[in-house]
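What follows is a single structure, written as structure tokens, with notes after it.
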Amino acid sequence: MSTPRPAASPSWLPLLAVAVTLLLWASAFVAIRYLREDFSPGALSLGRLLVAAVALAAASQVMARGRGLRAPTRREWVPLVAVGVLWFGIYNLALNEGERRVDAGTAAMLIQLSPVLVAVLAALFLGERFTRWLGLGLAVAFAGVVLISFSTSTSSDHDVLGVVLCLVAAVAYSVSLVLQKPLVGALPAVEVTWLACTVGAVVCLPFAPQLVREVAAAPPASTAWVVYLGLFPTAIAFTTYAYALRHLSASSLAVTTYLVPPLTIVMGWVALGEVPPTLAYAGGVLALVGVALARRKPRPAPAAA
């Protein structure tokens, strides 16, 4: 008599996880922009990650009581540490500094080049074909980035640097997504997020003195926003994203983040009164068109008679 399989998760749960992730990540762009006057990029990264690490540690302990966790193997620790350094460390530092120089909506549009980068990494490291559509999409998306860069540049080079930093964040995100896919297939989403987040917090520990000084000087509302960033866009959103990644392919999940820029633009307009320049909209559309072209599948060859 065969052993019965465990009940599968409802099909709507991954979609709900994606929706939660997109809403919370869109709000993160606005919160980071709001906090730029009170917290430096390094202190904000460390504060956000410390709050998230504590919350995720508590959640992991609850799961451990139900025997839902296991210790990662040595082989699994390598991508875990890499994801922690890249996604939770470098991504946060680059994005926080970038949003001091460009508005929240423009930053969100630049991050959406990640699906193209994911496709390139899949072609290089996972054996997928590099199609002509992928090459065309990369060219169009790059043109969109150039247009955004010109639209946000002024007499100084500060805004162009902001664009570059957002692109660094996009690269860190893309590499991390490819590395995280096998991990969430073997480990619970909460555990993967907790361990990677803890690694990111360790990377940002040199900014601890800045964090102490800035928390002491910041208004209580700003400190509350740092706690919000740690609990919701980090602890919850990264966990729901990891859960969705367990049930969906990396490329199809990356495509869903196209909804983040319009959500961020609306939130930024309501909360901050910020609207990206007109050319930034055109560049964002061009970048998304490039991503769509890159994800287009070639027609299968006709079957022989």
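As shown in the structure tokens, the chain order sets the letters A, B, ...; within each chain, residues go from 1, and ligands are also counted from 1 in the order they appear.
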Q: Pull the alpha helix (DSSP H) assignments for range 79-205 of chain A out of DSSP run on the backbone, and list those residues as a VMD selection string.
A: chain A and resid 79 to 83 91 to 98 104 to 111 114 to 125 132 to 152 158 to 186 189 to 203
Give me a file of those residues, with C-alpha atoms, as a compact mmCIF listing (two decimals), in the first residue's frame.
```txt
# COMPACT_ATOMS: atom_id res chain seq x y z
CA PRO A 79 24.46 30.23 -2.21
CA LEU A 80 22.82 31.26 1.09
CA VAL A 81 25.76 33.48 1.97
CA ALA A 82 25.94 34.80 -1.60
CA VAL A 83 22.24 35.74 -1.53
CA TYR A 91 21.13 45.56 -3.07
CA ASN A 92 19.97 47.57 -0.05
CA LEU A 93 23.06 49.77 0.09
CA ALA A 94 22.97 50.55 -3.64
CA LEU A 95 19.22 51.17 -3.72
CA ASN A 96 19.25 53.38 -0.62
CA GLU A 97 22.02 55.55 -2.05
CA GLY A 98 20.42 55.55 -5.50
CA ALA A 104 11.07 56.43 -6.17
CA GLY A 105 9.23 55.78 -9.45
CA THR A 106 12.39 56.05 -11.56
CA ALA A 107 14.25 53.72 -9.19
CA ALA A 108 11.44 51.17 -9.44
CA MET A 109 11.51 51.33 -13.25
CA LEU A 110 15.26 50.76 -13.32
CA ILE A 111 15.02 47.72 -11.05
CA SER A 114 16.08 42.44 -13.67
CA PRO A 115 13.92 40.00 -15.72
CA VAL A 116 16.20 40.55 -18.73
CA LEU A 117 19.26 39.98 -16.58
CA VAL A 118 17.68 36.82 -15.19
CA ALA A 119 17.16 35.59 -18.75
CA VAL A 120 20.82 36.25 -19.58
CA LEU A 121 22.02 34.43 -16.48
CA ALA A 122 19.75 31.51 -17.28
CA ALA A 123 21.24 31.35 -20.78
CA LEU A 124 24.78 31.47 -19.42
CA PHE A 125 24.52 29.18 -16.42
CA ARG A 132 17.45 36.69 -31.19
CA TRP A 133 14.49 37.98 -29.17
CA LEU A 134 16.69 38.05 -26.10
CA GLY A 135 19.35 40.04 -27.91
CA LEU A 136 16.77 42.49 -29.31
CA GLY A 137 15.17 42.87 -25.90
CA LEU A 138 18.51 43.66 -24.28
CA ALA A 139 19.19 46.39 -26.85
CA VAL A 140 15.76 47.99 -26.41
CA ALA A 141 15.92 47.78 -22.61
CA PHE A 142 19.40 49.37 -22.60
CA ALA A 143 18.04 52.22 -24.72
CA GLY A 144 15.33 52.72 -22.10
CA VAL A 145 17.93 52.93 -19.34
CA VAL A 146 19.89 55.52 -21.31
CA LEU A 147 16.70 57.56 -21.78
CA ILE A 148 15.94 57.43 -18.04
CA SER A 149 19.50 58.49 -17.29
CA PHE A 150 19.23 61.53 -19.59
CA SER A 151 15.81 62.48 -18.21
CA THR A 152 17.07 62.55 -14.61
CA HIS A 158 24.75 62.99 -9.26
CA ASP A 159 21.53 61.77 -10.86
CA VAL A 160 23.39 59.64 -13.40
CA LEU A 161 25.18 58.02 -10.48
CA GLY A 162 21.78 57.32 -8.95
CA VAL A 163 20.77 55.49 -12.13
CA VAL A 164 23.99 53.45 -12.05
CA LEU A 165 23.43 52.50 -8.41
CA CYS A 166 19.88 51.36 -9.14
CA LEU A 167 21.27 49.20 -11.95
CA VAL A 168 23.80 47.70 -9.52
CA ALA A 169 20.85 46.81 -7.28
CA ALA A 170 19.08 45.23 -10.26
CA VAL A 171 22.13 43.06 -11.03
CA ALA A 172 22.41 41.96 -7.39
CA TYR A 173 18.72 41.07 -7.37
CA SER A 174 18.99 39.07 -10.62
CA VAL A 175 21.96 36.99 -9.51
CA SER A 176 20.30 36.34 -6.15
CA LEU A 177 17.09 35.15 -7.77
CA VAL A 178 18.95 32.52 -9.78
CA LEU A 179 20.89 31.41 -6.70
CA GLN A 180 17.80 31.27 -4.49
CA LYS A 181 15.68 29.07 -6.76
CA PRO A 182 17.32 25.73 -5.75
CA LEU A 183 17.39 26.79 -2.09
CA VAL A 184 13.64 27.33 -1.74
CA GLY A 185 13.08 23.92 -3.28
CA ALA A 186 15.00 22.28 -0.44
CA ALA A 189 10.99 30.01 2.62
CA VAL A 190 11.15 31.52 6.12
CA GLU A 191 14.44 29.77 6.86
CA VAL A 192 16.06 30.85 3.60
CA THR A 193 14.97 34.46 4.12
CA TRP A 194 16.07 34.49 7.77
CA LEU A 195 19.55 33.11 7.13
CA ALA A 196 20.18 35.32 4.10
CA CYS A 197 18.86 38.38 5.95
CA THR A 198 21.15 37.64 8.89
CA VAL A 199 24.14 37.44 6.55
CA GLY A 200 23.13 40.80 5.06
CA ALA A 201 22.90 42.33 8.53
CA VAL A 202 26.42 41.09 9.32
CA VAL A 203 27.67 42.70 6.09
```
Q | Which residue of A:Ala292, A:Pro220, A:Leu211, A:Ala17 approaches Ala242 in chain A most closely, using only C-alpha atoms | A |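 Checking each candidate against Ala242 in chain A, we get A:Ala17 as the closest.
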Q: Give me, please, the distance in Å between CA of Ala26 in chain A and CA of Glu274 in chain A, quoted to one decimal.
A: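 CA of Ala26 in chain A sits 14.2 Å away from CA of Glu274 in chain A.
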Q. How many Å lie between CA of His247 in chain A and CA of Trp12 in chain A, rounded to one decimal?
A. 10.8 Å
Q. What is the CA of Thr278 in chain A to CA of Val260 in chain A distance in Å?
A. 18.1 Å
Q.
List the spatial neighbours of range 30-36 of chain A as a ChimeraX atom specification - criterion: any atom at most 9 Å away, only C-alpha atoms, same-chain residues fewer than 3 positions off excluded.
A. /A:26-27,39-41,44,95-97,99-100,102-105,222-223,225-226,228-229,264-265,267-268,271-272
Q: Within 12 Å of Met63 in chain A, counting only C-alpha atoms, which residues show up once you throw out same-chain ones fewer than 4 positions away? Write them as a list in words, please.
A: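 Final neighbour list, sorted by chain and number: Leu56, Ala57, Ala58, Ala59, Arg67, Gly68, Leu69, Arg70, Pro188, Ala189, Val190 and Glu191 of chain A.
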Q: Using only C-alpha atoms, pick whichever of A:Gly284, A:Leu231, A:Asp38, A:Thr21 has the shortest atom-to-atom distance to Ala216 in chain A.
A: A:Asp38
